[in-house]
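A.B. asks: Before we start, here is the structure in question, set down as structure tokens.
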Protein chains: 2
Amino acid sequence: MNMQFADRIVNLEPAAVYEILKHTVGGKVIAFAAGNPSPDAFPAEEVAELSSKILKENPITTLQYGLSSGYEPLRQILYTDMVENGGLRIDDNELLITSGATQGIELCAKIFCNEGDTIITENPTFIGSLNSFISYNANIVGVDMEFDGMNMEKLEEALKREKNVRFIYVIPNFQNPSGWTMSLEKRKQLYALAVKYNTLILEDNPYGDLRYFGEHIPSIKSFDPENIVLYAGSFSKIISPGLRVGFMHVPTPYFNKLAVAKQASDVHTPLLSQMIVYEYMKKYGLANHITKVCDIYRHKLQLTLEGLEKHLGGKVTYVKPEGGLYVFCRLPDHIDMREYCKNALEAGVAVVWGNAFLVDPNEKSQYFRINFSSPTNEQLVKGLEILGQVFDNMA
Amino acid sequence: MNMQFADRIVNLEPAAVYEILKHTVGGKVIAFAAGNPSPDAFPAEEVAELSSKILKENPITTLQYGLSSGYEPLRQILYTDMVENGGLRIDDNELLITSGATQGIELCAKIFCNEGDTIITENPTFIGSLNSFISYNANIVGVDMEFDGMNMEKLEEALKREKNVRFIYVIPNFQNPSGWTMSLEKRKQLYALAVKYNTLILEDNPYGDLRYFGEHIPSIKSFDPENIVLYAGSFSKIISPGLRVGFMHVPTPYFNKLAVAKQASDVHTPLLSQMIVYEYMKKYGLANHITKVCDIYRHKLQLTLEGLEKHLGGKVTYVKPEGGLYVFCRLPDHIDMREYCKNALEAGVAVVWGNAFLVDPNEKSQYFRINFSSPTNEQLVKGLEILGQVFDNMA
């Protein structure tokens with residue numbers, strides 16, 4: 001048998017984070033490795049109530065085929081929310097409902113990038129997006145991250161040097177894996193560079209609503225006079241990832257191609273999922289639930305920072321995140337990072353090694369990532385104690 | 001702004017069938033154009049009951065992230081069903097739950113086809129699959145259909161002539177748009193040719209359970225000693241298309257790449273949709289509901305055939321389908337087919353012109369497609385009367 005795969009797929013491998021998660025099945029290992037929301041943060045009763053209502057009042061619409069662009073009432077309420085609460089100046093026919101933000105990002109790679117075309121990303125960045133880009137054989141060019149966002153000199157060098165740059169992919173708020181937030185100044189510099197070098201920006205904002213400290217920073221899409229920002233949003237961290245509802249905003253000239261690519265991918269996002277999100281927004285709004293979720297995660301972040309200070313203070317370095325789900329810790333140079341993560345797993349705590357998030361995972365990294373949203377509060381306290389012991393045993 | 005799209009997307013346009021459907025919104029036009037299941041065929045009460053149960057008993061699993069391969073209990077019950085009831089000899093780790101069969105088909109194009117690689121299809125064939133293949137810039141080669149399946153001489157010619165044939169895509173049962181069924185003899189010839197020319201077969205079977213007359217014919221996958229058959233299945237025509245649950249079976253050597261491509265596309269299919277299908281299969285089985293759906297559609301097909309005989313007998317020709325959702329009608333050569341469809345729409349009946357289903361839609365076709373599952377019985381009777389009048393006015 002001819003076992004040949006398409007070139008675009010040859011280098012596509014399961015993300016390391018999923019591999020490490022296998023070790024955490026069974027519950028003996030404390031999982032600081034996932035990016036899962038806390039089960040406490042799901043509006044489970046409301047979803048159950050709304051799902052019953054939808055299937056009772058509107059079963060045929062729910063079970064029949066729908067439009068590829070998305071469930072129209074959801075598109076409309078989302079549009080209103082983005083304009084009124086998000087301050088975005090967008091057209092109401094520029095919103096595509098996607099099966100999670102990942103699908104929106106994957107479709108952007110599909111419609112904009114020939115094989116070998118360049119996507120510039122933050123380095124490190126979200127593994128899922130890297131895999132979506134790899135799956136189209138894009139030339140992925142990572143630009144080093146600083147605590148306030150990409151290094152802008154290196155970004156400009158990349159824009160000068162690389163051919164066929166199709167878009168710059170960034171997660172400006174509480175980035176995955178770093179937890180760092182791009183400053184307003186850098187957002188503006190990034191925008192100016194994209195305009196100067198005639199490329200698009202793909203702004204991925206899954207964590208934007210999860211701010212626990214500090215001041216809101218406007219999204220890049222909110223100042224986009226040139227209409228060059230593609231914007232990916234998600235309900236995964238606010239309502240539920242299992243429902244797989246996200247959205248992709250693209251400027252009008254791109255919308256039809258995006259929608260037909262979505263149609264060729266999976267026809268449309270399941271209507272029951274879309275209708276639950278719509279009914280939730282209509283009945284409850286998002287603001288109250290976001291406040292509740294932020295309260296849960298602020299407390300978990302505080303526990304994490306206390307544990308880090310107590311058990312790893314003066315040993316590892318990190319920037320205190322103002323939101324999101326992650327703390328990115330840097331080990332001193334004399335500690336072997338991969339060895340540390342391996343020892344931690346053996347001692348019962350799974351963290352993800354920093355090089356997993358690099359464009360070239362063979363590059364060296366001294367970082368490891370802690371997710372503080374999915375562990376229980378008890379696990380956070382215990383896990384950080386173990387991470388301290390592992391460090392002390394190696395030092 | 002640089003308005004460039006990826007080459008693979010340039011020729012991807014919304015399917016004609018979706019365009020014509022726009023004319024049917026509002027209910028004034030009788031829609032023989034869609035491929036929607038009948039609203040009467042949805043197990044709406046059971047879905048509502050099961051959805052409540054799931055969200056009450058298992059809310060966290062439903063709302064949290066799941067595995068890319070699919071909800072494990074659904075994979076297992078489906079495996080058992082395929083082996084015990086479908087007679088397929090497959091491995092239980094070869095089933096990927098997809099967001100409808102379309103996604104499985106799209107992922108096969110993604111993992112197997114470089115741009116320019118060849119996919120051989122029946123001609124005419126399902127527009128959605130053609131669009132998925134176009135969206136990877138595949139070289140699509142159509143082989144003429146006969147009433148009992150592809151012309152096997154032409155298939156062998158194509159296999160000899162074309163370079164890098166990655167798979168042969170077929171819908172053996174009650175094909176879309178033709179309603180024709182591939183004979184067992186041709187299934188075996190097709191298989192032998194695929195082995196001889198070292199290529200895969202993608203067997204798409206969305207309508208296989210919808211047989212109203214005649215004897216079941218074994219699927220190609222049921223005799224696959226060489227493990228070269230990729231098999232796409234769907235719950236869209238049995239339970240609900242709006243839930244978007246299908247599955248893709250691939251032989252073991254291909255499974256991991258398929259699963260990671262799924263992960264890069266949309267992480268996983270929404271769990272609530274998957275769990276509804278699982279609970280449905282567990283509690284009710286599929287057999288009873290399939291019997292009920294077949295009774296509804298057998299009656300609709302009979303009404304259609306009666307109407308055709310009464311109003312278009314001796315005027316158009318067609319093969320009486322033994323199942324599925326479509327009757328494919330051929331106009332005599334002196335009637336301009338596109339003109340006929342246009343006149344029918346003006347007279348209040350939407351049918352789809354046959355060339356829309358051709359690999360090259362600029363080729364001439366004398367066929368039009370009637371879908372008999374979505375109209376009401378009254379609409380079927382009335383619509384066929386109108387189609388007869390339109391013919392008489394043109395003859």
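Labels used: A, B, ... for chains in the order of the structure tokens, numbers from 1 for residues in each chain, and numbers from 1 for ligands as shown.
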Could you list the residues in chain A lying within 7 Å of chain B, using only C-alpha atoms, and format the result as a PyMOL selection string?
C.D. replies: chain A and resi 1-2+5-7+9+13-14+36+39+44+48+52+55-56+59-60+62-66+99-100+102-103+106+111-114+128+131-132+198+240-244+260+264-266+270-272
A.B. asks: Name the residues in contact with Met394 in chain B at a cut-off of 10 Å, using only C-alpha atoms, excluding same-chain residues fewer than 6 positions from it; report them as a list in words.
C.D. replies: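 Selected residues are His334, Ile335, Asp336, Glu339, Tyr340 and Asn343 of chain B.
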A.B. asks: Would you please work out which residue, of A:Leu95, A:Ile168, A:Leu387, A:Val327, is nearest to Lys315 in chain A when using only C-alpha atoms?
C.D. replies: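 Ranked by minimum distance to Lys315 in chain A, first place goes to A:Leu387.
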A.B. asks: Record the distance separating CA of Ile386 in chain B and CA of Ala344 in chain B, expressed in Å with one decimal.
C.D. replies: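 Separation of CA of Ile386 in chain B and CA of Ala344 in chain B: 7.5 Å.
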A.B. asks: In Å, how far is it from CA of Thr252 in chain B to CA of Lys221 in chain B?
C.D. replies: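 These atoms are spaced 13.9 Å apart.
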A.B. asks: DSSP on the backbone: what in range 209-258 of chain A comes out strand (DSSP E or B), as a list of chain:residue names?
C.D. replies: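 Restricting range 209-258 of chain A to strand (DSSP E or B) produces A:Arg211, A:Val229, A:Leu230, A:Tyr231, A:Ala232, A:Gly233, A:Ser234, A:Gly246, A:Phe247, A:Met248, A:His249.
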A.B. asks: Taking the DSSP secondary structure from the backbone, can you list the residues of range 14-255 of chain B that are helix (DSSP H, G or I), as a count of residues only?
C.D. replies: 93
A.B. asks: As a list of chain:residue names, please: the residues near range 347-351 of chain A (cut-off 9 Å, only C-alpha atoms, same-chain neighbours under 2 positions excluded).
C.D. replies: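 My reading of the contact set: A:Val17, A:Ile20, A:Leu21, A:His23, A:Thr24, A:Lys28, A:Val29, A:Ile30, A:Ala31, A:Phe32, A:Ala33, A:Ala34, A:Cys341, A:Lys342, A:Asn343, A:Ala344, A:Leu345, A:Trp353, A:Phe368, A:Arg369, A:Ile370, A:Asn371, A:Gly383, A:Leu384, A:Ile386, A:Leu387, A:Val390.
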A.B. asks: For the residues selected in the previous step, produce a file with C-alpha atoms as a JSON list (two decimals), in the first residue's frame.
C.D. replies:
[["chain", "number", "residue", "atom", "x", "y", "z"],
["A", 17, "VAL", "CA", 0.53, 19.38, 25.86],
["A", 20, "ILE", "CA", 1.59, 15.19, 28.81],
["A", 21, "LEU", "CA", -2.10, 15.31, 29.64],
["A", 23, "HIS", "CA", -0.16, 11.21, 32.26],
["A", 24, "THR", "CA", -2.70, 13.14, 34.25],
["A", 28, "LYS", "CA", -2.93, 10.82, 40.64],
["A", 29, "VAL", "CA", -0.97, 13.60, 39.01],
["A", 30, "ILE", "CA", -1.83, 17.24, 39.71],
["A", 31, "ALA", "CA", -2.44, 18.76, 36.28],
["A", 32, "PHE", "CA", -0.95, 22.23, 35.91],
["A", 33, "ALA", "CA", -0.52, 21.30, 32.25],
["A", 34, "ALA", "CA", -3.96, 21.75, 30.67],
["A", 341, "CYS", "CA", 9.64, 19.11, 34.27],
["A", 342, "LYS", "CA", 10.39, 15.37, 34.22],
["A", 343, "ASN", "CA", 11.18, 15.33, 37.92],
["A", 344, "ALA", "CA", 8.05, 17.34, 38.65],
["A", 345, "LEU", "CA", 5.92, 14.82, 36.79],
["A", 353, "TRP", "CA", 8.08, 22.59, 29.17],
["A", 368, "PHE", "CA", 7.80, 26.09, 32.13],
["A", 369, "ARG", "CA", 4.07, 26.89, 32.06],
["A", 370, "ILE", "CA", 1.68, 26.63, 34.99],
["A", 371, "ASN", "CA", -2.06, 26.62, 34.33],
["A", 383, "GLY", "CA", 1.33, 21.33, 43.66],
["A", 384, "LEU", "CA", 3.37, 24.45, 44.25],
["A", 386, "ILE", "CA", 5.93, 19.94, 45.32],
["A", 387, "LEU", "CA", 7.38, 22.17, 42.59],
["A", 390, "VAL", "CA", 11.68, 19.40, 43.15]]
A.B. asks: Can you tell me which residues surround Pro332 in chain A at a distance of at most 10 Å, considering only C-alpha atoms, apart from same-chain residues fewer than 3 positions away, and format the answer as a list in words?
C.D. replies: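 Residues near the query, excluding close chain neighbours: Gly314, Lys315, Val316, Thr317, Cys329, Ile335, Asp336, Met337, Gln366, Tyr367 and Ala395 of chain A.
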A.B. asks: Within 10 Å of range 146-159 of chain A, counting only C-alpha atoms, which residues qualify if same-chain residues fewer than 2 places away don't, as a ChimeraX atom specification?
C.D. replies: /A:118,120-124,141-144,161-165,168,170-173,175,178-187,189-190,193-194,196-199,318-319,321
A.B. asks: Between CA of Val277 in chain B and CA of Ile90 in chain B, what distance in Å does the model show, to one decimal?
C.D. replies: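 Computing it gives 20.8 Å between the two atoms.
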A.B. asks: Using only C-alpha atoms, pick whichever of B:Gly323, B:Gly86, B:Pro177, B:Gly116 has the shortest atom-to-atom distance to Gly233 in chain B.
C.D. replies: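 Smallest distance to Gly233 in chain B is found for B:Gly86.
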A.B. asks: Between A:Ala356, A:Val83, A:Ile97, A:Leu305, which has the minimum distance to Ser234 in chain A (counting only C-alpha atoms)?
C.D. replies: A:Ile97
